[in-house]
>>> print(open('start05.txt').read())   # compact mmCIF, C-alpha atoms
# COMPACT_ATOMS: atom_id res chain seq x y z
CA MET A 1 0.00 0.00 0.00
CA LYS A 2 1.30 3.45 -0.93
CA LEU A 3 -0.05 6.31 1.20
CA LEU A 4 0.45 10.01 0.33
CA PHE A 5 -0.20 13.01 2.63
CA VAL A 6 -0.85 16.36 0.90
CA CYS A 7 -0.73 19.98 2.07
CA THR A 8 0.39 23.24 0.40
CA GLY A 9 4.12 23.69 0.88
CA ASN A 10 5.13 20.23 2.13
CA ILE A 11 7.19 21.79 4.92
CA PHE A 12 4.77 21.55 7.87
CA ARG A 13 1.51 19.58 7.88
CA SER A 14 1.99 16.82 5.30
CA MET A 15 5.67 16.62 6.20
CA SER A 16 4.76 16.03 9.86
CA ALA A 17 2.17 13.42 8.87
CA GLU A 18 4.72 11.58 6.72
CA TYR A 19 7.34 11.22 9.44
CA LEU A 20 4.86 10.51 12.24
CA ALA A 21 3.15 7.84 10.10
CA LYS A 22 6.51 6.23 9.34
CA LYS A 23 7.27 6.19 13.06
CA TYR A 24 3.85 4.70 13.83
CA ILE A 25 4.16 1.80 11.38
CA LYS A 26 7.71 1.11 12.59
CA ASP A 27 6.69 1.07 16.26
CA ASN A 28 3.68 -1.14 15.54
CA LYS A 29 5.58 -3.44 13.15
CA ILE A 30 3.12 -2.80 10.32
CA LYS A 31 4.42 -4.22 7.04
CA GLY A 32 3.68 -3.40 3.42
CA ILE A 33 2.98 0.34 3.70
CA GLU A 34 5.01 3.08 1.99
CA ILE A 35 4.51 6.65 3.25
CA SER A 36 5.30 9.88 1.41
CA SER A 37 4.09 13.49 1.24
CA ALA A 38 3.71 16.32 -1.27
CA GLY A 39 2.57 19.94 -1.57
CA THR A 40 0.18 21.49 -4.08
CA ILE A 41 2.54 24.45 -4.50
CA ALA A 42 5.81 23.40 -2.81
CA ASN A 43 7.87 26.44 -3.81
CA PRO A 44 11.54 25.88 -2.91
CA GLU A 45 11.66 26.52 0.81
CA SER A 46 13.28 24.98 3.86
CA PRO A 47 11.10 23.16 6.42
CA PHE A 48 10.19 25.19 9.50
CA SER A 49 12.75 24.78 12.23
CA TYR A 50 9.76 24.55 14.61
CA THR A 51 8.48 21.54 12.69
CA ILE A 52 11.80 19.70 12.78
CA LYS A 53 12.20 20.50 16.48
CA ASN A 54 8.75 19.20 17.43
CA LEU A 55 9.12 16.05 15.34
CA GLU A 56 12.40 15.30 17.13
CA LYS A 57 10.58 14.87 20.43
CA TYR A 58 8.78 11.90 18.82
CA TRP A 59 12.11 10.52 17.62
CA CYS A 60 11.45 11.53 14.03
CA ASP A 61 14.48 12.81 12.13
CA SER A 62 13.16 15.06 9.33
CA SER A 63 16.33 17.14 8.92
CA LEU A 64 16.93 15.79 5.40
CA HIS A 65 13.35 16.37 4.22
CA ARG A 66 13.00 17.79 0.70
CA GLN A 67 9.79 19.13 -0.77
CA THR A 68 7.83 17.20 -3.38
CA LYS A 69 5.34 18.98 -5.64
CA LEU A 70 2.01 17.25 -6.27
CA THR A 71 1.74 16.08 -9.88
CA SER A 72 -0.04 13.37 -11.85
CA GLU A 73 3.19 11.40 -11.84
CA VAL A 74 3.41 11.55 -8.05
CA LEU A 75 -0.21 10.39 -7.75
CA GLU A 76 -0.28 7.63 -10.35
CA ASP A 77 0.87 4.74 -8.14
CA LYS A 78 -0.71 5.86 -4.86
CA ASP A 79 -3.37 3.74 -3.19
CA PHE A 80 -4.61 6.44 -0.80
CA VAL A 81 -4.24 10.24 -0.69
CA ILE A 82 -4.94 12.05 2.58
CA CYS A 83 -5.31 15.84 2.35
CA MET A 84 -5.02 18.45 5.07
CA ALA A 85 -7.57 20.92 3.65
CA GLN A 86 -10.44 21.27 1.21
CA HIS A 87 -8.43 23.17 -1.41
CA HIS A 88 -5.94 20.28 -1.47
CA LEU A 89 -8.83 17.92 -2.19
CA ASP A 90 -9.87 20.14 -5.08
CA ARG A 91 -6.40 20.00 -6.58
CA VAL A 92 -6.21 16.22 -6.26
CA ARG A 93 -9.59 15.95 -7.96
CA GLU A 94 -8.35 18.16 -10.81
CA LEU A 95 -5.62 15.56 -11.33
CA LEU A 96 -8.35 12.90 -11.63
CA TYR A 97 -7.63 11.15 -8.38
CA GLU A 98 -9.66 10.32 -5.27
CA TRP A 99 -8.85 11.63 -1.81
CA MET A 100 -9.63 11.53 1.89
CA LEU A 101 -9.66 14.45 4.34
CA PHE A 102 -7.30 14.07 7.31
CA ASN A 103 -9.71 15.46 9.90
CA PHE A 104 -12.57 13.31 8.63
CA LEU A 105 -10.56 10.12 8.95
CA ALA A 106 -9.10 10.98 12.34
CA TYR A 107 -11.91 12.82 14.07
CA GLY A 108 -15.02 12.62 11.89
CA LYS A 109 -14.85 16.36 11.12
CA LYS A 110 -14.91 18.03 7.70
CA ASP A 111 -12.85 21.10 8.57
CA ASP A 112 -9.27 21.87 7.57
CA VAL A 113 -6.02 21.50 9.46
CA MET A 114 -4.84 25.11 8.99
CA ASP A 115 -1.30 26.01 8.02
CA GLU A 116 0.68 28.68 9.85
CA ALA A 117 -0.29 31.51 7.44
CA GLU A 118 -4.02 30.71 7.69
CA TYR A 119 -3.70 30.55 11.47
CA GLU A 120 -1.94 33.94 11.65
CA GLU A 121 -4.50 35.54 9.32
CA LYS A 122 -7.47 34.16 11.23
CA HIS A 123 -6.21 34.94 14.72
CA TRP A 124 -4.08 38.03 14.01
CA SER A 125 -1.45 36.46 16.15
CA TYR A 126 2.24 36.46 15.30
CA GLY A 127 3.78 35.75 18.69
CA ASP A 128 2.60 32.21 19.29
CA LEU A 129 3.42 30.60 15.93
CA GLU A 130 5.84 28.20 17.57
CA ASP A 131 3.09 27.13 19.96
CA TYR A 132 0.73 26.59 17.01
CA VAL A 133 3.24 24.40 15.18
CA LYS A 134 3.75 22.36 18.36
CA THR A 135 -0.03 21.98 18.76
CA ILE A 136 -0.48 20.74 15.18
CA VAL A 137 2.45 18.30 15.33
CA ASP A 138 0.97 16.88 18.56
CA TYR A 139 -2.49 16.82 16.94
CA ILE A 140 -1.22 14.86 13.92
CA HIS A 141 0.74 12.49 16.18
CA ASP A 142 -2.35 11.73 18.28
CA ALA A 143 -4.40 11.10 15.12
CA MET A 144 -2.18 8.33 13.76
CA PRO A 145 -3.86 5.41 15.59
CA LYS A 146 -7.22 6.63 14.28
CA ILE A 147 -5.89 7.03 10.73
CA PHE A 148 -4.59 3.47 10.66
CA GLU A 149 -7.78 2.14 12.27
CA TRP A 150 -9.65 3.70 9.34
CA LEU A 151 -7.30 2.07 6.86
CA ASP A 152 -7.86 -1.31 8.53
CA ASN A 153 -11.63 -0.98 8.21
CA LEU A 154 -11.79 0.84 4.91
CA GLU A 155 -14.32 -0.11 2.27
CA ILE A 156 -13.94 1.36 -1.19
CA GLU A 157 -17.00 0.49 -3.21
CA ARG A 158 -18.22 1.10 -6.74
CA LYS A 159 -21.80 0.41 -7.78
CA TRP A 160 -23.60 -0.01 -11.12
CA PHE A 161 -26.99 -0.80 -12.60
CA VAL A 162 -27.14 -4.29 -14.13
CA ARG A 163 -28.51 -4.48 -17.67
CA GLU A 164 -29.06 -8.24 -17.53
CA LEU A 165 -28.09 -11.02 -15.18
CA PRO A 166 -25.23 -13.33 -16.23
CA SER A 167 -26.46 -16.48 -17.95
CA ASP A 168 -25.15 -18.71 -15.14
CA TYR A 169 -26.43 -16.58 -12.24
CA LYS A 170 -28.61 -19.39 -10.82
CA SER A 171 -25.52 -21.48 -10.11
CA LEU A 172 -23.81 -18.72 -8.13
CA GLU A 173 -23.54 -18.57 -4.36
CA LYS A 174 -26.73 -16.93 -3.15
CA TYR A 175 -28.22 -15.33 -0.01
CA GLU A 176 -31.67 -14.12 0.87
CA ILE A 177 -31.29 -10.89 2.83
CA ILE A 178 -33.58 -8.64 4.81
CA GLN A 179 -32.08 -5.66 6.61
CA TRP A 180 -33.23 -2.74 8.76
CA TYR A 181 -31.65 0.67 9.41
CA CYS A 182 -31.54 3.43 11.98
CA LYS A 183 -29.63 6.70 12.27
CA ASN A 184 -26.84 7.31 14.73
CA GLU A 185 -25.04 10.58 15.53
CA LYS A 186 -21.52 9.14 15.35
CA TRP A 187 -22.16 6.79 12.41
CA LYS A 188 -24.13 7.54 9.25
CA ASN A 189 -26.30 4.52 9.94
CA ILE A 190 -26.50 1.27 11.82
CA ARG A 191 -27.81 -1.78 9.99
CA ILE A 192 -28.97 -5.17 11.18
CA ARG A 193 -29.22 -8.01 8.69
CA LYS A 194 -30.75 -11.47 8.55
CA GLN A 195 -29.03 -13.61 5.90
CA VAL A 196 -30.09 -17.07 4.71
CA ASP A 197 -27.99 -19.18 2.33
CA LYS A 198 -29.02 -21.93 -0.12
CA LYS A 199 -28.91 -24.56 2.63
CA TRP A 200 -31.16 -22.47 4.89
CA ASN A 201 -28.33 -21.62 7.25
CA THR A 202 -29.21 -18.34 8.92
CA LYS A 203 -26.81 -15.69 10.22
CA PHE A 204 -27.36 -12.30 11.82
CA PHE A 205 -25.13 -9.22 11.55
CA GLU A 206 -24.82 -5.72 12.92
CA THR A 207 -22.99 -3.20 10.71
CA ARG A 208 -21.93 0.38 11.37
CA LYS A 209 -20.98 2.63 8.47
CA LYS A 210 -19.52 6.07 8.02
CA TRP A 211 -18.57 7.43 4.63
CA ASP A 212 -17.39 10.31 2.52
CA GLY A 213 -17.90 9.79 -1.23
CA LEU A 214 -16.98 6.31 -2.44
CA ILE A 215 -14.76 5.68 0.59
CA LYS A 216 -16.42 4.10 3.60
CA LYS A 217 -15.53 2.84 7.01
CA GLU A 218 -17.48 -0.31 7.79
CA ILE A 219 -17.38 -2.33 10.97
CA GLU A 220 -19.47 -5.50 10.81
CA LYS A 221 -19.90 -8.23 13.38
CA GLU A 222 -21.95 -11.40 13.53
CA ILE A 223 -24.45 -11.41 16.38
CA ALA A 224 -26.65 -14.00 18.06
CA GLU A 225 -30.30 -14.32 17.07
CA SER A 226 -31.34 -13.14 20.55
CA GLU A 227 -29.28 -9.96 20.14
CA PHE A 228 -30.74 -9.45 16.68
CA ASP A 229 -34.29 -9.81 18.07
CA ASN A 230 -33.53 -7.35 20.83
CA LEU A 231 -32.22 -4.76 18.35
CA TRP A 232 -35.09 -5.39 15.95
CA LYS A 233 -37.63 -4.54 18.66
CA LYS A 234 -36.05 -1.11 19.11
CA VAL A 235 -36.20 -0.09 15.49
CA TRP A 236 -36.99 0.65 12.57
CA ASN A 237 -39.36 1.29 9.82
CA TRP A 238 -36.61 1.39 7.22
CA TYR A 239 -36.06 -2.02 5.71
CA LEU A 240 -35.50 -3.78 2.39
CA GLU A 241 -35.32 -7.31 0.99
CA LYS A 242 -33.07 -8.64 -1.74
CA THR A 243 -31.41 -11.72 -3.17
CA ARG A 244 -27.63 -11.43 -3.35
CA TYR A 245 -25.52 -13.44 -5.81
CA ILE A 246 -21.73 -13.66 -5.39
CA MET A 247 -19.82 -13.84 -8.64
CA PRO A 248 -16.01 -14.27 -8.97
CA TYR A 249 -14.63 -11.81 -11.52
CA GLN A 250 -10.98 -11.04 -12.24
CA TRP A 251 -9.40 -10.76 -8.77
CA HIS A 252 -12.63 -9.59 -7.14
CA GLU A 253 -16.00 -10.81 -6.03
CA ILE A 254 -18.96 -8.96 -7.52
CA GLU A 255 -22.13 -8.77 -5.43
CA ILE A 256 -25.29 -8.72 -7.54
CA ASP A 257 -28.37 -7.58 -5.62
CA VAL A 258 -31.84 -8.33 -7.01
CA TYR A 259 -34.30 -6.28 -4.95
CA LYS A 260 -37.83 -7.30 -3.94
CA TRP A 261 -41.15 -5.78 -2.99
CA LYS A 262 -41.02 -1.97 -2.93
CA ASN A 263 -37.77 -1.96 -4.96
CA LYS A 264 -38.79 -4.75 -7.31
CA TRP A 265 -37.11 -4.78 -10.75
CA LEU A 266 -34.03 -2.98 -9.43
CA ILE A 267 -30.79 -4.94 -10.01
CA VAL A 268 -27.51 -3.46 -8.81
CA SER A 269 -23.93 -4.76 -8.76
CA GLU A 270 -21.21 -3.75 -6.31
CA ALA A 271 -17.47 -4.39 -6.17
CA GLU A 272 -15.25 -3.62 -3.19
CA PHE A 273 -11.58 -2.70 -3.36
CA LYS A 274 -8.64 -2.38 -1.00
CA SER A 275 -7.37 0.86 -2.54
CA TRP A 276 -8.43 3.74 -4.77
CA LEU A 277 -5.84 2.63 -7.33
CA LYS A 278 -7.46 -0.81 -7.66
CA ALA A 279 -10.93 0.77 -7.83
CA ARG A 280 -9.84 3.14 -10.60
CA ASN A 281 -8.23 0.37 -12.67
CA PHE A 282 -11.17 -2.05 -12.43
CA ILE A 283 -12.29 -3.34 -15.87
CA VAL A 284 -16.08 -3.03 -15.92
CA PRO A 285 -18.01 -6.03 -17.38
CA GLU A 286 -20.07 -5.34 -20.49
CA TRP A 287 -23.30 -6.39 -18.80
CA PHE A 288 -23.00 -3.57 -16.25
CA GLY A 289 -25.05 -0.45 -16.89
CA LYS A 290 -24.71 3.13 -15.66
CA GLU A 291 -22.40 3.64 -12.68
CA LEU A 292 -24.17 4.60 -9.44
CA THR A 293 -21.16 5.22 -7.20
CA GLY A 294 -21.92 8.23 -5.00
CA ASN A 295 -25.57 8.39 -6.11
CA LYS A 296 -27.34 8.67 -2.75
CA LYS A 297 -30.71 7.80 -4.27
CA TYR A 298 -29.51 4.19 -4.67
CA ALA A 299 -27.80 3.84 -1.30
CA ASN A 300 -29.40 0.90 0.52
CA VAL A 301 -30.43 3.08 3.46
CA ASN A 302 -32.38 5.36 1.09
CA LEU A 303 -33.91 2.44 -0.80
CA ALA A 304 -35.08 1.16 2.59
CA LYS A 305 -36.91 4.43 3.29
CA ARG A 306 -39.10 4.15 0.21
>>> encode(input="start05.txt", output="structure tokens")
Amino acid sequence: MKLLFVCTGNIFRSMSAEYLAKKYIKDNKIKGIEISSAGTIANPESPFSYTIKNLEKYWCDSSLHRQTKLTSEVLEDKDFVICMAQHHLDRVRELLYEWMLFNFLAYGKKDDVMDEAEYEEKHWSYGDLEDYVKTIVDYIHDAMPKIFEWLDNLEIERKWFVRELPSDYKSLEKYEIIQWYCKNEKWKNIRIRKQVDKKWNTKFFETRKKWDGLIKKEIEKEIAESEFDNLWKKVWNWYLEKTRYIMPYQWHEIEIDVYKWKNKWLIVSEAEFKSWLKARNFIVPEWFGKELTGNKKYANVNLAKR
């Protein structure tokens, strides 16, 4: 996995995130992740001495850091891009790539991590810049466990209409599903599901989701029938029923959902990916129709409300 942090100059925020993330994966013996950073402008400039000093207290040596400017070439092999502010997201989008906002991943907020110039302009304060840099370095350090928890539970999903079912769909693995929803302040929604396979084996699940665009955090656990019944009593008028077929395709599994009752005649396919790069490079089967990724009308929770 290749992870890129982005800010403006690549001498403060994204630089701090790069070195603190490298320290985190080293301390936690996490393998297979490459960390780097870049700036949308990155004019030739030395890193802040305050930044280097505050990273040193976390045993991060950034003294040899050199700026990298954000380009298509820098982005092309990256699995995830984490931006410090909205205008960085806009630039990444202009380069035809997908992104995540640092504060959203770490703290569930959609505001920016300000740089030193934005902080000075907003607060008209020039005497406590060193304190601000220290605060942000500490803030980014404390966010790292949450960032990597997100990455562990990340779901990147693309969705399409299905023009026609594959000719062999009846032989595919199949589940009958009924699920209910409720809202939750911390999570976008909580879902409970009853799932029955071809042999009439029944399982029950509770799933919590939070998302921003096509990137989702999903935590799902199997629960006992008694727990399912207890949750079901507390809810929920929002529900839907569907038959799900599981189809191997390339290096993925495609889920084909044939909806019932109030959503009858709707057939949708979904594919999940471990990175934005894999999602972008997915070769779409000819029998798929219009892409629905990001179309809230066809989110399951909204179909359940109908």
>>> closest_residue(input="start05.txt", among="A:Trp232, A:Leu277, A:Thr293, A:Phe80", to="Leu151 in chain A", atoms="only C-alpha atoms")
A:Phe80
>>> residues_near_point(input="start05.txt", point="(0.1, 17.4, -7.5)", cutoff="8 Å", atoms="only C-alpha atoms", output="list in words")
Ala38, Gly39, Thr40, Lys69, Leu70, Thr71, Ser72, Val74, Leu75, Arg91, Val92 and Leu95 of chain A
>>> residues_around(input="start05.txt", residues="Arg244 in chain A", least_positions_apart="3", cutoff="7 Å", atoms="only C-alpha atoms", output="PyMOL selection string")
chain A and resi 174-176+255-258
>>> closest_residue(input="start05.txt", among="A:Glu56, A:Tyr97, A:Lys2, A:Ser46", to="Tyr19 in chain A", atoms="only C-alpha atoms")
A:Glu56
>>> residues_around(input="start05.txt", residues="Asp79 in chain A", least_positions_apart="2", cutoff="8 Å", atoms="all atoms listed in the file", output="number ranges by chain")
A: 1-3, 77, 81, 275-278
>>> atom_distance(input="start05.txt", atom1="CA of Tyr58 in chain A", atom2="CA of Tyr24 in chain A")
10.1 Å
>>> residues_around(input="start05.txt", residues="Ala224 in chain A", least_positions_apart="6", cutoff="9 Å", atoms="all atoms listed in the file", output="list in words")
Lys203, Phe204 and Phe205 of chain A
>>> residues_around(input="start05.txt", residues="Met114 in chain A", least_positions_apart="6", cutoff="9 Å", atoms="all atoms listed in the file", output="list in words")
Arg13, Met84, Ala85 and Ile136 of chain A
>>> closest_residue(input="start05.txt", among="A:Trp150, A:Tyr181, A:Phe102, A:Phe161", to="Asn295 in chain A", atoms="all atoms listed in the file")
A:Phe161
>>> residues_around(input="start05.txt", residues="Val113 in chain A", least_positions_apart="6", cutoff="12 Å", atoms="all atoms listed in the file", output="VMD selection string")
chain A and resid 6 to 8 12 to 14 17 82 to 88 101 to 104 106 to 107 119 132 to 133 135 to 137 139 to 140 143
>>> closest_residue(input="start05.txt", among="A:Ile219, A:Ile177, A:Ile254, A:Ile35", to="Glu270 in chain A", atoms="all atoms listed in the file")
A:Ile254
>>> atom_distance(input="start05.txt", atom1="CA of Val268 in chain A", atom2="CA of Trp160 in chain A")
5.7 Å
>>> residues_near_point(input="start05.txt", point="(4.2, 28.3, 15.4)", cutoff="10 Å", atoms="all atoms listed in the file", output="ChimeraX atom specification")
/A:48-51,115-117,119-120,125-136
>>> atom_distance(input="start05.txt", atom1="CA of Arg163 in chain A", atom2="CA of Leu292 in chain A")
13.0 Å
>>> closest_residue(input="start05.txt", among="A:Asn300, A:Ser226, A:Ser63, A:Asn43", to="Tyr259 in chain A", atoms="only C-alpha atoms")
A:Asn300
>>> build_atoms(input="start05.txt", residues="range 98-124 of chain A", atoms="N, CA and C atoms", output="PDB file, in the frame of the given file")
ATOM      1  N   GLU A  98      -8.737  10.288  -6.413  1.00  0.00           N
ATOM      2  CA  GLU A  98      -9.660  10.320  -5.270  1.00  0.00           C
ATOM      3  C   GLU A  98      -8.855  10.624  -4.014  1.00  0.00           C
ATOM      4  N   TRP A  99      -9.526  11.106  -2.983  1.00  0.00           N
ATOM      5  CA  TRP A  99      -8.850  11.630  -1.810  1.00  0.00           C
ATOM      6  C   TRP A  99      -9.630  11.305  -0.539  1.00  0.00           C
ATOM      7  N   MET A 100      -8.978  11.561   0.583  1.00  0.00           N
ATOM      8  CA  MET A 100      -9.630  11.530   1.890  1.00  0.00           C
ATOM      9  C   MET A 100      -9.155  12.738   2.679  1.00  0.00           C
ATOM     10  N   LEU A 101     -10.007  13.282   3.525  1.00  0.00           N
ATOM     11  CA  LEU A 101      -9.660  14.450   4.340  1.00  0.00           C
ATOM     12  C   LEU A 101      -9.125  13.974   5.690  1.00  0.00           C
ATOM     13  N   PHE A 102      -7.978  14.502   6.083  1.00  0.00           N
ATOM     14  CA  PHE A 102      -7.300  14.070   7.310  1.00  0.00           C
ATOM     15  C   PHE A 102      -8.229  14.149   8.524  1.00  0.00           C
ATOM     16  N   ASN A 103      -8.866  15.288   8.720  1.00  0.00           N
ATOM     17  CA  ASN A 103      -9.710  15.460   9.900  1.00  0.00           C
ATOM     18  C   ASN A 103     -10.920  14.543   9.895  1.00  0.00           C
ATOM     19  N   PHE A 104     -11.433  14.223   8.694  1.00  0.00           N
ATOM     20  CA  PHE A 104     -12.570  13.310   8.630  1.00  0.00           C
ATOM     21  C   PHE A 104     -12.164  11.908   9.063  1.00  0.00           C
ATOM     22  N   LEU A 105     -11.019  11.449   8.578  1.00  0.00           N
ATOM     23  CA  LEU A 105     -10.560  10.120   8.950  1.00  0.00           C
ATOM     24  C   LEU A 105     -10.244  10.023  10.428  1.00  0.00           C
ATOM     25  N   ALA A 106      -9.576  11.047  10.955  1.00  0.00           N
ATOM     26  CA  ALA A 106      -9.100  10.980  12.340  1.00  0.00           C
ATOM     27  C   ALA A 106     -10.174  11.304  13.358  1.00  0.00           C
ATOM     28  N   TYR A 107     -11.004  12.305  13.050  1.00  0.00           N
ATOM     29  CA  TYR A 107     -11.910  12.820  14.070  1.00  0.00           C
ATOM     30  C   TYR A 107     -13.359  12.975  13.609  1.00  0.00           C
ATOM     31  N   GLY A 108     -13.651  12.530  12.387  1.00  0.00           N
ATOM     32  CA  GLY A 108     -15.020  12.620  11.890  1.00  0.00           C
ATOM     33  C   GLY A 108     -15.475  14.028  11.593  1.00  0.00           C
ATOM     34  N   LYS A 109     -14.522  14.963  11.390  1.00  0.00           N
ATOM     35  CA  LYS A 109     -14.850  16.360  11.120  1.00  0.00           C
ATOM     36  C   LYS A 109     -14.474  16.693   9.675  1.00  0.00           C
ATOM     37  N   LYS A 110     -15.192  17.652   9.086  1.00  0.00           N
ATOM     38  CA  LYS A 110     -14.910  18.030   7.700  1.00  0.00           C
ATOM     39  C   LYS A 110     -14.272  19.411   7.602  1.00  0.00           C
ATOM     40  N   ASP A 111     -13.556  19.830   8.643  1.00  0.00           N
ATOM     41  CA  ASP A 111     -12.850  21.100   8.570  1.00  0.00           C
ATOM     42  C   ASP A 111     -11.367  20.869   8.295  1.00  0.00           C
ATOM     43  N   ASP A 112     -10.664  21.957   7.976  1.00  0.00           N
ATOM     44  CA  ASP A 112      -9.270  21.870   7.570  1.00  0.00           C
ATOM     45  C   ASP A 112      -8.329  21.848   8.768  1.00  0.00           C
ATOM     46  N   VAL A 113      -7.158  21.278   8.568  1.00  0.00           N
ATOM     47  CA  VAL A 113      -6.020  21.500   9.460  1.00  0.00           C
ATOM     48  C   VAL A 113      -5.302  22.715   8.875  1.00  0.00           C
ATOM     49  N   MET A 114      -5.370  23.871   9.547  1.00  0.00           N
ATOM     50  CA  MET A 114      -4.840  25.110   8.990  1.00  0.00           C
ATOM     51  C   MET A 114      -3.310  25.120   8.996  1.00  0.00           C
ATOM     52  N   ASP A 115      -2.742  25.800   7.986  1.00  0.00           N
ATOM     53  CA  ASP A 115      -1.300  26.010   8.020  1.00  0.00           C
ATOM     54  C   ASP A 115      -1.000  27.262   8.834  1.00  0.00           C
ATOM     55  N   GLU A 116       0.287  27.582   8.961  1.00  0.00           N
ATOM     56  CA  GLU A 116       0.680  28.680   9.850  1.00  0.00           C
ATOM     57  C   GLU A 116       0.182  30.031   9.329  1.00  0.00           C
ATOM     58  N   ALA A 117       0.161  30.231   7.996  1.00  0.00           N
ATOM     59  CA  ALA A 117      -0.290  31.510   7.440  1.00  0.00           C
ATOM     60  C   ALA A 117      -1.787  31.696   7.661  1.00  0.00           C
ATOM     61  N   GLU A 118      -2.567  30.632   7.455  1.00  0.00           N
ATOM     62  CA  GLU A 118      -4.020  30.710   7.690  1.00  0.00           C
ATOM     63  C   GLU A 118      -4.292  30.976   9.160  1.00  0.00           C
ATOM     64  N   TYR A 119      -3.529  30.346  10.042  1.00  0.00           N
ATOM     65  CA  TYR A 119      -3.700  30.550  11.470  1.00  0.00           C
ATOM     66  C   TYR A 119      -3.405  32.004  11.848  1.00  0.00           C
ATOM     67  N   GLU A 120      -2.299  32.548  11.340  1.00  0.00           N
ATOM     68  CA  GLU A 120      -1.940  33.940  11.650  1.00  0.00           C
ATOM     69  C   GLU A 120      -3.003  34.904  11.140  1.00  0.00           C
ATOM     70  N   GLU A 121      -3.499  34.646   9.898  1.00  0.00           N
ATOM     71  CA  GLU A 121      -4.500  35.540   9.320  1.00  0.00           C
ATOM     72  C   GLU A 121      -5.809  35.494  10.101  1.00  0.00           C
ATOM     73  N   LYS A 122      -6.199  34.302  10.529  1.00  0.00           N
ATOM     74  CA  LYS A 122      -7.470  34.160  11.230  1.00  0.00           C
ATOM     75  C   LYS A 122      -7.409  34.737  12.633  1.00  0.00           C
ATOM     76  N   HIS A 123      -6.292  34.545  13.304  1.00  0.00           N
ATOM     77  CA  HIS A 123      -6.210  34.940  14.720  1.00  0.00           C
ATOM     78  C   HIS A 123      -5.414  36.224  14.940  1.00  0.00           C
ATOM     79  N   TRP A 124      -4.876  36.814  13.886  1.00  0.00           N
ATOM     80  CA  TRP A 124      -4.080  38.030  14.010  1.00  0.00           C
ATOM     81  C   TRP A 124      -3.035  37.885  15.096  1.00  0.00           C
TER      82      TRP A 124
END
